[in-house]
Amino acid sequence: MSHDQLKKGSTELLILALLGSRARHGYEIGKLIEAESGGRLTFRIGSLYPVLCRLEDRGLIAGRWVEKPGDRRRRFYRLTPEGQAVLKRQRSAWEEFSDAVNQILRSRHA
Amino acid sequence: MPDWRAYVREQLPLAGARPAHEADIVDDLASQLEEAYREALALGATAADAEAAAKAHVTDWAALARKVAKSARIGGTKADRLEHHVGEAAARGGRLARVAAGVLADARFALRLARGNPAFTAVAVLTLALGIGANTTIFSWIDAILLNPLPGADPARIVDVGLETKTSSYTAMSYPDYLDLRAAAHTLDGLIVHDAQAGALAGPGGADRIWVEMVSDNFFDVLHVTPAAGRGFEAAEGRAAIPVVMLSERIARARFGDAAHALGQTVDINGKPLTVIGVAPSAFASGYTALAMDAWIPVPLAGIVQAGANRTAVRNNYWLDSLARLAPGVTPDQASADLTAIATRIALAQGARPDGRMTLVPLWRSPRNAQSVLGPVLLVLMAMVAVVLLIACANVANLLLSRAAVRQREFALRLSLGCGRGRLIRQLLTESFLLVAVAGSAALITQFWTGGLLVSFIPPTEFPISLTTHVDAGAAAFTATIALASAVLFGLAPALQAGRTDLTSALKPGIRASGWRSRLRSTLVVAQVAFSLVLLISAGLFVRSLQHVRLIDTGFRSDHLLLASVDLFAAGYDRPRGSVALDRMLMDIRALPGVESASVARRVPLGISTSSSSSDVEPEGYVAPTDRPAWSYLNWVGPDYFRTMGIPVVAGHEYTVADRADQPEEFVVNRAFVKRYWPGQNAIGKRIRYGKDWFVVRGVVADSKYRRLNEPASPFVYFSTTWNYRPDVVFHVRTVADPVALADAVRHAIQRTDPRLAVFGVTTFDAHIEAASFQQRLAATLLSAFGALAVLLASMGLYATIAYAVSRRTREIGARLALGATRRDITRLVLSQAFRQTAAGLGIGLVLAAALAQLFASLLVGITPADPVTLGGVTLLLAFVAFAASYVPARRAARLDPLEALRYE
């Protein structure tokens, strides 16, 4: 499995996790993933944006326009209550899954 | 900087997107690209490099457009998306999810149906909105007056505390008794006392008249009211006269800009400097339902606003109203028993005879305050709006039934295609719920306006009225509940009926099934007529009461009489200066052109807030039964009072300007006093003991009304202000012409003695006693409106039913006509059906109305609930309306062309 495929499968979880604490602008999400992964994960706007649309469609995140005088209006995304519930579920599922995978990989490695 | 929006718009091929959504996507992407561009610039890139870096974020615009196009932001409505989600959930399994998906589909179908038949939808929604709205409005009034009169946590546990003795019901409390009760009560989470009094708040432009509530130190704590700024009172302030005050937010803002700035400042009330220690929140008006106070002081400071001797230390001076908060799990009865036991112990310890019992009642049953005035009327109104709602439901049920008849084949088709009957019933119920959802929302929204209507019925009072109704969670829950109940009420019968659709006959053309349906419709019409009659009779009884109220002989002449009040105590006058000032003011008023006579009195009869005074008295030679001492109402009046009021003097003479304070004091009593205590005797020269001394009766006057228009004549003792100085009096001025024209002149005449004196409550006596008929007017006005509404709905229902019956019998009527029936026969045939239904409805309605009217018999003036004029008149009126409503379809039936009718399907 390539790095890309792993990334694709986890994008949603990453976005939900980053919106857990506060509302963020779309571009900020990509930059945060890059920063917090130490540059190992990078997302372009072109690939992140459809995921944001999809998450919003499913009601897990909600966008809100923020307008400042003299500035372009910017859309901020935040987690909805359903999104929080899904994040909680997915986070524990992910931890369980990655623990299991790691355990197997380690034992085989050894 | 590049125009990123133009760039995205150019690159992104979004065909078929709605403009608003397209703009959203374009703006969102553009703002992100711009962010990337700015970041690159900030990191030191050249403009060209930054632009390239940003553009590199999206390389495959077509792919992005494809992915985004799947999103709901492009296509579909919210409902589509919702249905999509529910559909997904349903597909994942779960019975609940499948039901939800089904209901959603039903709702969409119902929505289409509603749009397809806007006239039907509008009539049904309007009818329901009127019915639900009337209920929501009256409920909001009941909530504000009875259920939740004092904003604070857990108001259900606040109770009204009174003392009932053998001779008096529900009296107030003395301060020493209060302190003892409070210290010993274990069934309470707090006991408070309060009393209200007007005062003068000194200001830069002269004094303002304000209302001051004297309260126990624990007042705000027990009511769970947190000050908006500063603190409430402390225990020490409840024991000693420490000069502190709390202000209302309104006063704090007016005087100091805001609550915080008021703290620590000094205000001057009745000439006494007080330190502001706190500001009450704006939501809290006072401890009295519907009254707004301006300031609060601890009870030991009562002497600031109260004339006369200090009462706080006197154990047998009962003047404080009391409220308590029950401890959790304690009932009012248990607490009553507890307090009664304590009160008995206190009395015994004082060497007094234990007398009476403490009575704790929920606020809505309080025999004093706004509850006692408005409570009975509000409960009648609540019962009546429930009837309005029933009529509305019957009407909509009727509409639904006639539509069900039209949709018979649709139902049959669905059933034959495998739709279960349960599914069909659910579909129809969903349609009903949709109707009430719209109607309920409309009702809730209109409540923002109708909630405040109650205030417009309240006549002018000397107290500052504060009645705020809220559209809150409670109101919403109430609306939702009655909306759902009505949906079941009007939707269930048509739905069940549709479930009974007979497949074979319904699908065949020309055959109309179901006598069940027409029976149901007849029943509904009968119910509507009956309920309408109940409403109309109730309305009629109150309208007639109101007429009687206007005819009742009050015992005085209320026309051409002007009132104006002053409070010399608040203005800082002592007794000698005060009496001189009052005499001069009266002299100046009497000298005005157009003034026939003028006097003063402590109390004005028949106001909504008229507080009455009564006392035990001892008429010479009268032996009172031990458990019922002689008593009398009291008033303090000036010279010429009876002439000014138009109360005839029947024996002796009244107080005059020639009376002097150094002569022995004499009394004037009324005829009822003589009749009760000295029947058949000459009262002049007889003596009455009041307090310690005996006084000679100098005059007897005719009876007049004091507290209520329908009260029996009661004994009355009038004291003269010549011997009993009262600083708080109302000037009564009899004028030759329109009293309103003299208002300014009277005000100026009073202020000639003291230009700084506040003159308030300037009004005509006629306007003042409007208040006395307040209950009747409120009920008569609203019930008439509801009654008219009910008649309109019922006649619509009757018309629709008869018209429907005629259309169902078109072929039969054609056959009758062809076989030689005359048009009169046909008219009679149709009308007889209407007549049977109307007669049944009227009969049932009369019985119901007779039962219901007993509940409000005590509110009626001058008539009984079985008033023949009302009952007969209203029944005839409704019969006529019913006849008119059915005559139109009857005539149409009679004019049918027999050949056309026979071909009719």
# chains A, B, ... in the order shown; residues from 1 in each chain; ligands from 1
$ residues_around --residues "Trp694 of chain B" --least-positions-apart "4" --cutoff "9 Å" --atoms "only C-alpha atoms" --output "list in words"
Glu618, Glu620, Arg687, Ile688, Arg689 and Tyr690 of chain B
$ residues_around --residues "segment 773-778 of chain B" --least-positions-apart "5" --cutoff "7 Å" --atoms "only C-alpha atoms" --output "CSV table (one decimal) with C-alpha atoms, in the first residue's frame"
chain,number,residue,atom,x,y,z
B,377,VAL,CA,-61.3,35.7,34.7
B,457,PHE,CA,-57.1,45.9,29.3
B,542,PHE,CA,-70.5,38.8,30.4
B,545,SER,CA,-73.0,41.8,33.2
B,546,LEU,CA,-71.2,44.7,31.7
B,549,VAL,CA,-72.4,47.2,35.9
$ interface_residues --of "chain A" --to "chain B" --cutoff "9 Å" --atoms "only C-alpha atoms" --output "ChimeraX atom specification"
/A:25-28,43-47,49-51,53-54,56-58,65,72-75
$ residues_around --residues "segment 87-93 of chain A" --least-positions-apart "4" --cutoff "8 Å" --atoms "only C-alpha atoms" --output "number ranges by chain"
A: 13, 16-17, 83, 97
$ atom_distance --atom1 "atom CA of Ala292 of chain B" --atom2 "atom CA of Ser248 of chain B"
8.9 Å
$ atom_distance --atom1 "atom CA of Ala442 of chain B" --atom2 "atom CA of Thr479 of chain B"
10.4 Å
$ atom_distance --atom1 "atom CA of Glu51 of chain B" --atom2 "atom CA of Gln11 of chain B"
14.9 Å
$ residues_around --residues "Ala198 of chain B" --least-positions-apart "5" --cutoff "6 Å" --atoms "only C-alpha atoms" --output "PyMOL selection string"
chain B and resi 210-212
